[in-house]
file structure05.txt (compact mmCIF, C-alpha atoms)
# COMPACT_ATOMS: atom_id res chain seq x y z
CA MET O 22 -11.40 -29.65 -3.52
CA ALA O 23 -8.30 -31.83 -3.52
CA ILE O 24 -8.40 -35.63 -3.55
CA ASP O 25 -6.13 -37.37 -1.06
CA LEU O 26 -4.73 -40.87 -1.11
CA ARG O 27 -6.72 -41.88 1.96
CA GLN O 28 -9.95 -41.26 0.06
CA LEU O 29 -8.72 -43.22 -2.96
CA ARG O 30 -7.78 -46.16 -0.74
CA GLN O 31 -11.20 -46.09 0.89
CA PHE O 32 -12.96 -45.90 -2.49
CA VAL O 33 -10.99 -48.85 -3.90
CA THR O 34 -11.59 -50.93 -0.76
CA ILE O 35 -15.38 -50.36 -0.89
CA ALA O 36 -15.50 -51.15 -4.60
CA GLU O 37 -13.48 -54.35 -4.18
CA LEU O 38 -15.45 -55.60 -1.16
CA GLY O 39 -18.85 -54.38 -2.40
CA SER O 40 -19.81 -53.23 1.08
CA TYR O 41 -19.37 -50.12 3.20
CA ARG O 42 -19.59 -52.20 6.37
CA ARG O 43 -16.87 -54.69 5.37
CA ALA O 44 -14.70 -51.87 4.03
CA ALA O 45 -15.07 -49.99 7.33
CA ASP O 46 -14.00 -53.10 9.24
CA THR O 47 -11.02 -53.64 6.95
CA LEU O 48 -9.94 -50.00 7.15
CA HIS O 49 -10.58 -49.79 10.91
CA ILE O 50 -12.85 -46.78 10.52
CA ALA O 51 -16.43 -46.12 11.63
CA GLN O 52 -18.94 -46.68 8.83
CA PRO O 53 -20.53 -43.19 9.10
CA ALA O 54 -17.10 -41.56 8.84
CA LEU O 55 -16.34 -43.69 5.79
CA SER O 56 -19.58 -42.62 4.13
CA VAL O 57 -18.79 -38.95 4.76
CA SER O 58 -15.29 -39.39 3.29
CA ILE O 59 -16.68 -40.95 0.09
CA GLN O 60 -19.24 -38.15 -0.19
CA LYS O 61 -16.38 -35.63 -0.06
CA LEU O 62 -14.52 -37.61 -2.74
CA GLU O 63 -17.61 -37.60 -4.99
CA HIS O 64 -18.01 -33.87 -4.38
CA ALA O 65 -14.38 -33.30 -5.37
CA VAL O 66 -14.78 -35.37 -8.55
CA GLY O 67 -18.17 -33.86 -9.30
CA VAL O 68 -20.06 -37.08 -10.06
CA PRO O 69 -21.35 -40.16 -8.15
CA LEU O 70 -18.80 -42.97 -7.94
CA LEU O 71 -20.59 -45.68 -5.95
CA VAL O 72 -24.17 -46.87 -5.83
CA ARG O 73 -25.91 -49.14 -3.32
CA GLY O 74 -27.99 -51.96 -4.77
CA ALA O 75 -29.71 -55.17 -3.74
CA LYS O 76 -26.46 -57.10 -4.24
CA GLY O 77 -24.26 -54.59 -2.46
CA VAL O 78 -22.23 -51.57 -3.52
CA SER O 79 -21.00 -51.22 -7.11
CA THR O 80 -19.18 -48.57 -9.10
CA THR O 81 -20.85 -46.17 -11.47
CA PRO O 82 -19.31 -45.80 -14.96
CA ALA O 83 -17.42 -42.78 -13.60
CA GLY O 84 -16.30 -44.83 -10.61
CA GLU O 85 -15.12 -47.62 -12.88
CA ALA O 86 -13.07 -45.09 -14.85
CA LEU O 87 -11.55 -43.75 -11.65
CA MET O 88 -10.74 -47.24 -10.35
CA ALA O 89 -7.79 -47.98 -12.67
CA ASP O 90 -6.08 -44.66 -12.00
CA ALA O 91 -6.79 -44.92 -8.27
CA ARG O 92 -5.13 -48.34 -8.13
CA ARG O 93 -2.12 -47.03 -10.08
CA ALA O 94 -1.80 -44.02 -7.77
CA LEU O 95 -1.90 -46.26 -4.69
CA PHE O 96 0.60 -48.69 -6.23
CA HIS O 97 3.11 -45.99 -7.15
CA THR O 98 2.70 -44.34 -3.76
CA GLU O 99 3.55 -47.62 -2.05
CA GLN O 100 6.49 -48.14 -4.40
CA ALA O 101 7.80 -44.67 -3.56
CA ARG O 102 7.35 -45.32 0.17
CA GLN O 103 9.21 -48.62 -0.07
CA ALA O 104 12.02 -47.07 -2.14
CA ALA O 105 12.49 -44.22 0.35
CA ARG O 106 12.46 -46.66 3.26
CA ARG O 107 14.97 -49.00 1.60
CA VAL O 108 17.33 -46.12 0.80
CA ALA O 109 17.14 -44.99 4.42
CA LEU O 110 17.93 -48.56 5.52
CA GLY O 111 20.83 -48.90 3.06
CA GLU O 112 19.09 -51.62 1.05
CA TRP O 113 18.62 -49.70 -2.21
CA GLY O 114 20.35 -46.95 -4.21
CA THR O 115 23.93 -46.29 -5.29
CA LEU O 116 27.06 -46.69 -3.16
CA ARG O 117 30.07 -44.82 -4.54
CA LEU O 118 33.05 -46.76 -3.22
CA GLY O 119 36.67 -45.80 -3.78
CA PHE O 120 39.53 -48.23 -3.25
CA VAL O 121 43.30 -48.53 -3.44
CA GLY O 122 44.65 -51.05 -5.92
CA SER O 123 45.81 -53.58 -3.35
CA ALA O 124 42.22 -53.92 -2.07
CA THR O 125 41.53 -55.91 -5.25
CA TYR O 126 43.92 -58.71 -4.21
CA MET O 127 41.85 -60.27 -1.43
CA LEU O 128 39.51 -57.83 0.34
CA LEU O 129 37.15 -56.95 -2.51
CA PRO O 130 36.92 -60.50 -3.94
CA ARG O 131 36.24 -61.79 -0.41
CA CYS O 132 33.67 -59.21 0.66
CA LEU O 133 31.84 -57.80 -2.35
CA PRO O 134 30.14 -61.00 -3.57
CA ALA O 135 28.51 -61.52 -0.15
CA PHE O 136 27.48 -57.86 0.05
CA ARG O 137 25.95 -57.92 -3.43
CA ALA O 138 24.11 -61.15 -2.66
CA GLN O 139 22.63 -59.66 0.52
CA TYR O 140 21.83 -56.25 -1.01
CA PRO O 141 21.23 -56.86 -4.72
CA ASP O 142 19.46 -53.51 -5.16
CA VAL O 143 22.49 -51.46 -4.05
CA GLN O 144 24.34 -50.38 -7.18
CA LEU O 145 28.12 -50.24 -6.61
CA ASP O 146 30.00 -47.43 -8.34
CA LEU O 147 33.69 -48.40 -7.89
CA ARG O 148 36.58 -45.96 -8.36
CA GLU O 149 40.29 -46.67 -7.93
CA ASP O 150 42.77 -44.09 -6.64
CA SER O 151 45.54 -43.58 -4.09
CA THR O 152 44.80 -43.11 -0.39
CA VAL O 153 45.38 -39.35 -0.64
CA GLY O 154 43.20 -39.16 -3.75
CA LEU O 155 40.39 -41.12 -2.11
CA VAL O 156 40.37 -38.96 1.02
CA ALA O 157 40.22 -35.87 -1.22
CA MET O 158 37.33 -37.41 -3.19
CA LEU O 159 35.54 -38.17 0.08
CA ARG O 160 35.92 -34.59 1.28
CA ALA O 161 34.60 -33.33 -2.07
CA ASN O 162 31.59 -35.69 -1.76
CA GLU O 163 32.59 -37.50 -4.95
CA ILE O 164 32.47 -40.88 -3.17
CA ASP O 165 30.51 -42.14 -0.18
CA ALA O 166 33.33 -44.23 1.30
CA GLY O 167 36.87 -45.33 0.56
CA LEU O 168 39.03 -48.37 1.21
CA VAL O 169 42.40 -46.84 2.04
CA ARG O 170 45.78 -47.86 3.39
CA GLY O 171 46.52 -46.88 6.99
CA PRO O 172 47.59 -45.64 9.34
CA LEU O 173 45.43 -42.56 8.87
CA ALA O 174 45.82 -39.21 10.57
CA GLU O 175 43.11 -38.44 13.13
CA ASP O 176 40.26 -36.45 11.60
CA ALA O 177 37.17 -35.38 13.54
CA ALA O 178 35.11 -35.30 10.33
CA LEU O 179 35.80 -38.91 9.35
CA ASP O 180 35.02 -42.35 10.73
CA SER O 181 37.18 -45.36 9.86
CA TRP O 182 37.17 -49.08 10.57
CA VAL O 183 40.07 -51.46 9.96
CA VAL O 184 38.70 -54.20 7.70
CA GLU O 185 41.93 -56.05 6.87
CA ARG O 186 45.40 -56.38 8.39
CA ASP O 187 48.49 -57.62 6.61
CA ASP O 188 52.24 -58.14 6.95
CA LEU O 189 54.98 -56.36 5.08
CA ILE O 190 57.13 -58.66 2.95
CA LEU O 191 60.17 -58.08 0.76
CA ALA O 192 59.83 -58.23 -3.03
CA VAL O 193 63.11 -58.97 -4.85
CA PRO O 194 63.99 -59.89 -8.45
CA ALA O 195 63.66 -63.63 -9.08
CA GLY O 196 67.42 -64.12 -9.52
CA HIS O 197 68.33 -62.20 -6.36
CA ALA O 198 70.34 -63.96 -3.63
CA LEU O 199 67.56 -63.33 -1.08
CA ALA O 200 64.99 -64.97 -3.37
CA VAL O 201 65.88 -68.42 -2.06
CA ALA O 202 66.92 -67.46 1.44
CA GLY O 203 63.57 -68.13 3.15
CA PRO O 204 62.39 -65.72 5.86
CA VAL O 205 65.03 -63.03 6.35
CA ALA O 206 65.71 -60.04 8.55
CA LEU O 207 65.17 -56.76 6.69
CA GLU O 208 68.68 -55.71 7.74
CA ARG O 209 70.05 -58.05 5.07
CA ALA O 210 68.64 -55.73 2.40
CA ARG O 211 70.35 -52.60 3.72
CA SER O 212 72.74 -52.36 0.76
CA GLU O 213 69.95 -52.67 -1.83
CA SER O 214 68.26 -49.93 -3.82
CA PHE O 215 64.61 -49.58 -2.84
CA VAL O 216 61.52 -48.82 -4.86
CA LEU O 217 59.44 -46.82 -2.42
CA TYR O 218 55.92 -45.47 -2.14
CA SER O 219 55.44 -41.81 -2.99
CA PRO O 220 55.32 -39.81 0.26
CA ALA O 221 52.94 -37.31 -1.35
CA LYS O 222 50.44 -39.85 -2.74
CA VAL O 223 50.84 -42.82 -0.38
CA PRO O 224 52.03 -41.30 2.91
CA GLY O 225 50.81 -44.17 5.09
CA LEU O 226 52.73 -46.91 3.27
CA ASN O 227 55.72 -44.64 2.81
CA GLY O 228 55.86 -43.93 6.53
CA VAL O 229 55.45 -47.58 7.57
CA THR O 230 58.17 -48.67 5.11
CA LEU O 231 60.66 -46.04 6.28
CA ALA O 232 59.93 -46.78 9.94
CA LEU O 233 60.58 -50.50 9.42
CA CYS O 234 63.86 -49.80 7.65
CA HIS O 235 64.98 -47.41 10.38
CA LYS O 236 64.05 -49.99 13.01
CA ALA O 237 66.27 -52.45 11.11
CA GLY O 238 69.16 -49.99 11.41
CA PHE O 239 69.36 -48.26 8.02
CA SER O 240 67.84 -45.62 5.78
CA PRO O 241 66.89 -47.08 2.41
CA ARG O 242 68.60 -45.87 -0.74
CA ILE O 243 65.67 -44.92 -2.96
CA SER O 244 65.97 -45.61 -6.68
CA GLN O 245 62.39 -44.93 -7.70
CA GLU O 246 59.03 -43.93 -6.25
CA ALA O 247 55.59 -45.23 -7.27
CA ILE O 248 51.97 -45.07 -6.18
CA GLN O 249 50.42 -48.47 -6.80
CA VAL O 250 51.67 -51.76 -5.35
CA GLN O 251 51.44 -53.35 -8.79
CA THR O 252 53.79 -50.67 -10.12
CA LEU O 253 56.32 -51.35 -7.37
CA VAL O 254 56.28 -55.06 -8.21
CA SER O 255 56.75 -54.29 -11.91
CA LEU O 256 59.71 -52.04 -11.14
CA VAL O 257 61.24 -54.76 -8.97
CA ALA O 258 60.78 -57.19 -11.87
CA SER O 259 62.56 -54.65 -14.10
CA GLY O 260 65.62 -54.68 -11.83
CA MET O 261 65.06 -51.22 -10.34
CA GLY O 262 65.57 -52.49 -6.79
CA VAL O 263 63.70 -54.27 -4.00
CA ALA O 264 60.50 -53.17 -2.29
CA LEU O 265 58.41 -53.72 0.81
CA VAL O 266 54.89 -54.72 -0.20
CA PRO O 267 51.72 -56.07 1.48
CA GLY O 268 51.66 -59.81 2.00
CA VAL O 269 48.50 -60.14 -0.14
CA THR O 270 50.65 -59.22 -3.15
CA ARG O 271 51.73 -62.86 -3.27
CA ALA O 272 48.26 -63.71 -4.62
CA TYR O 273 49.33 -62.09 -7.90
CA SER O 274 52.81 -63.52 -8.12
CA THR O 275 55.01 -63.20 -11.20
CA PRO O 276 57.91 -65.45 -12.25
CA HIS O 277 60.13 -62.37 -12.33
CA VAL O 278 59.68 -61.47 -8.65
CA ALA O 279 60.16 -63.44 -5.44
CA PHE O 280 58.30 -62.53 -2.25
CA VAL O 281 60.32 -63.10 0.91
CA PRO O 282 58.78 -63.12 4.42
CA LEU O 283 60.50 -60.97 7.04
CA THR O 284 61.50 -62.10 10.51
CA ASP O 285 61.27 -58.54 11.88
CA ALA O 286 58.57 -58.44 14.56
CA ASP O 287 57.30 -55.05 13.41
CA ALA O 288 56.64 -56.38 9.90
CA GLY O 289 53.82 -58.60 11.17
CA GLY O 290 50.45 -56.86 11.00
CA ALA O 291 52.18 -53.62 10.01
CA LEU O 292 49.58 -52.71 7.37
CA SER O 293 45.86 -52.11 7.44
CA LEU O 294 43.07 -51.45 5.00
CA SER O 295 40.38 -49.21 6.43
CA LEU O 296 36.89 -48.30 5.33
CA VAL O 297 36.56 -44.53 5.68
CA THR O 298 33.47 -42.33 5.42
CA HIS O 299 32.07 -39.06 6.74
CA ARG O 300 31.19 -39.22 10.43
CA ASP O 301 27.72 -37.83 9.64
CA THR O 302 27.22 -39.79 6.43
CA SER O 303 23.66 -39.99 5.10
CA CYS O 304 24.53 -43.04 2.97
CA ALA O 305 23.17 -45.94 5.03
CA SER O 306 24.55 -48.51 2.58
CA VAL O 307 28.06 -47.57 3.75
CA LEU O 308 27.19 -48.95 7.17
CA ARG O 309 25.70 -52.04 5.56
CA LEU O 310 29.01 -52.57 3.76
CA ARG O 311 30.91 -52.04 7.01
CA ASP O 312 28.75 -54.63 8.76
CA SER O 313 29.25 -57.05 5.88
CA MET O 314 33.03 -56.64 6.02
CA LEU O 315 33.40 -56.81 9.79
CA GLY O 316 30.60 -59.21 10.68
CA PRO O 317 29.03 -59.19 14.17
CA ALA O 318 31.88 -57.08 15.58
CA ALA O 319 30.82 -54.11 13.43
CA SER O 320 28.00 -52.99 15.68
CA ALA O 321 29.66 -53.96 18.96
call {"tool": "encode", "arguments": {"input": "structure05.txt", "output": "structure tokens"}}
result
Amino acid sequence: MAIDLRQLRQFVTIAELGSYRRAADTLHIAQPALSVSIQKLEHAVGVPLLVRGAKGVSTTPAGEALMADARRALFHTEQARQAARRVALGEWGTLRLGFVGSATYMLLPRCLPAFRAQYPDVQLDLREDSTVGLVAMLRANEIDAGLVRGPLAEDAALDSWVVERDDLILAVPAGHALAVAGPVALERARSESFVLYSPAKVPGLNGVTLALCHKAGFSPRISQEAIQVQTLVSLVASGMGVALVPGVTRAYSTPHVAFVPLTDADAGGALSLSLVTHRDTSCASVLRLRDSMLGPAASA
């Protein structure tokens, strides 16, 4: 006959309280039913476990031997229950989070410390890649969520939330004439060579950059393509041309590059960072991260 956890809990409660009556009250069970349950437990074990005496109920030597293992079994069962519950609530486990490089400028330093403080038992597994690479990793179930550059194409299988907006600004070599010009119209850079985002790897930023240039009345002359914002800035510093970059790039300024605000209306709020995940994700910690990033508006 099998032993179940209910019987072990009843046995431990009787032994600790030294009374069937008090144990029955504590367990919210009728005393006769409790006695029958313990009889079945003793039958399953094959020996008496509890004895009634003048001073109450006590354990037999066999019962004392069972007590330690019974307590361990109940403890580990409760631990397993709590772990499963906390995973389901997004409070425990591993969150595989992909991100584009520019998310490290402000978004991650601003949001991750608060998230880790609130959910210290969620282990973050961080992986950097391009937007296209992160979406591919998400589809292959290699990450649970990604922080990517928008705009994103509509996809019925994915959910996304904009967690940061930013302006486009112009990065020019430090000695460039526009470096000291203050806010300028993008049209003034029409004769420059541009370092541009790869259309294959960073289609969102590539498309926004080209659209802004076309709105300013010109098609940029492309001298070089790159994937990461840091690479674009390094190429600008190397004299390969100018580039349109997110405004947060100024947080990691270099003496070899000047960042010039644009007066073009479409440059303001032109960029977004979005948290993307599967629409039917089973990773509850993704939603916890979303709520942490967006605040009260997340569940509105």
call {"tool": "residues_around", "arguments": {"input": "structure05.txt", "residues": "O:Pro130", "least_positions_apart": "6", "cutoff": "12 Å", "atoms": "all atoms listed in the file", "output": "list of chain:residue names"}}
result
O:Ser123, O:Ala124, O:Phe136, O:Arg137, O:Ala272, O:Met314
call {"tool": "closest_residue", "arguments": {"input": "structure05.txt", "among": "O:Asp165, O:Glu246, O:Glu175, O:Glu63", "to": "O:Ala23", "atoms": "all atoms listed in the file"}}
result
O:Glu63
call {"tool": "atom_distance", "arguments": {"input": "structure05.txt", "atom1": "atom CA of O:Asp146", "atom2": "atom CA of O:Arg117"}}
result
4.6 Å
call {"tool": "residues_around", "arguments": {"input": "structure05.txt", "residues": "stretch 32-42 of chain O", "least_positions_apart": "5", "cutoff": "8 Å", "atoms": "only C-alpha atoms", "output": "list in words"}}
result
Gln52, Leu55, Ser56, Ile59, Leu71, Gly77, Val78, Ser79, Thr80, Met88, Ala91 and Arg92 of chain O
call {"tool": "residues_around", "arguments": {"input": "structure05.txt", "residues": "O:Leu207", "least_positions_apart": "4", "cutoff": "9 Å", "atoms": "only C-alpha atoms", "output": "list in words"}}
result
Leu191, Arg211, Leu233, Cys234, Ala237, Leu283, Thr284 and Asp285 of chain O
call {"tool": "closest_residue", "arguments": {"input": "structure05.txt", "among": "O:Arg309, O:His97, O:Arg170, O:Arg102", "to": "O:Gly122", "atoms": "all atoms listed in the file"}}
result
O:Arg170
call {"tool": "closest_residue", "arguments": {"input": "structure05.txt", "among": "O:Val205, O:Leu189, O:Ala166, O:Leu145", "to": "O:Val250", "atoms": "only C-alpha atoms"}}
result
O:Leu189
call {"tool": "build_atoms", "arguments": {"input": "structure05.txt", "residues": "stretch 156-169 of chain O", "atoms": "N, CA and C atoms", "output": "JSON list (two decimals), keeping the file's coordinate frame"}}
result
[["chain", "number", "residue", "atom", "x", "y", "z"],
["O", 156, "VAL", "N", 40.78, -39.85, -0.08],
["O", 156, "VAL", "CA", 40.37, -38.96, 1.02],
["O", 156, "VAL", "C", 39.92, -37.62, 0.45],
["O", 157, "ALA", "N", 40.63, -37.13, -0.58],
["O", 157, "ALA", "CA", 40.22, -35.87, -1.22],
["O", 157, "ALA", "C", 38.86, -36.02, -1.89],
["O", 158, "MET", "N", 38.62, -37.15, -2.55],
["O", 158, "MET", "CA", 37.33, -37.41, -3.19],
["O", 158, "MET", "C", 36.22, -37.49, -2.14],
["O", 159, "LEU", "N", 36.53, -38.07, -1.00],
["O", 159, "LEU", "CA", 35.54, -38.17, 0.08],
["O", 159, "LEU", "C", 35.17, -36.79, 0.59],
["O", 160, "ARG", "N", 36.17, -35.95, 0.79],
["O", 160, "ARG", "CA", 35.92, -34.59, 1.28],
["O", 160, "ARG", "C", 35.11, -33.77, 0.27],
["O", 161, "ALA", "N", 35.32, -34.05, -1.02],
["O", 161, "ALA", "CA", 34.60, -33.33, -2.07],
["O", 161, "ALA", "C", 33.23, -33.96, -2.37],
["O", 162, "ASN", "N", 32.87, -34.97, -1.59],
["O", 162, "ASN", "CA", 31.59, -35.69, -1.76],
["O", 162, "ASN", "C", 31.48, -36.34, -3.13],
["O", 163, "GLU", "N", 32.60, -36.79, -3.67],
["O", 163, "GLU", "CA", 32.59, -37.50, -4.95],
["O", 163, "GLU", "C", 32.45, -39.00, -4.74],
["O", 164, "ILE", "N", 32.71, -39.48, -3.54],
["O", 164, "ILE", "CA", 32.47, -40.88, -3.17],
["O", 164, "ILE", "C", 31.80, -40.89, -1.80],
["O", 165, "ASP", "N", 31.16, -42.00, -1.48],
["O", 165, "ASP", "CA", 30.51, -42.14, -0.18],
["O", 165, "ASP", "C", 31.43, -42.76, 0.86],
["O", 166, "ALA", "N", 32.39, -43.57, 0.40],
["O", 166, "ALA", "CA", 33.33, -44.23, 1.30],
["O", 166, "ALA", "C", 34.54, -44.64, 0.50],
["O", 167, "GLY", "N", 35.64, -44.89, 1.22],
["O", 167, "GLY", "CA", 36.87, -45.33, 0.56],
["O", 167, "GLY", "C", 37.56, -46.42, 1.34],
["O", 168, "LEU", "N", 38.17, -47.35, 0.62],
["O", 168, "LEU", "CA", 39.03, -48.37, 1.21],
["O", 168, "LEU", "C", 40.46, -47.91, 1.02],
["O", 169, "VAL", "N", 41.11, -47.50, 2.11],
["O", 169, "VAL", "CA", 42.40, -46.84, 2.04],
["O", 169, "VAL", "C", 43.42, -47.57, 2.90]]
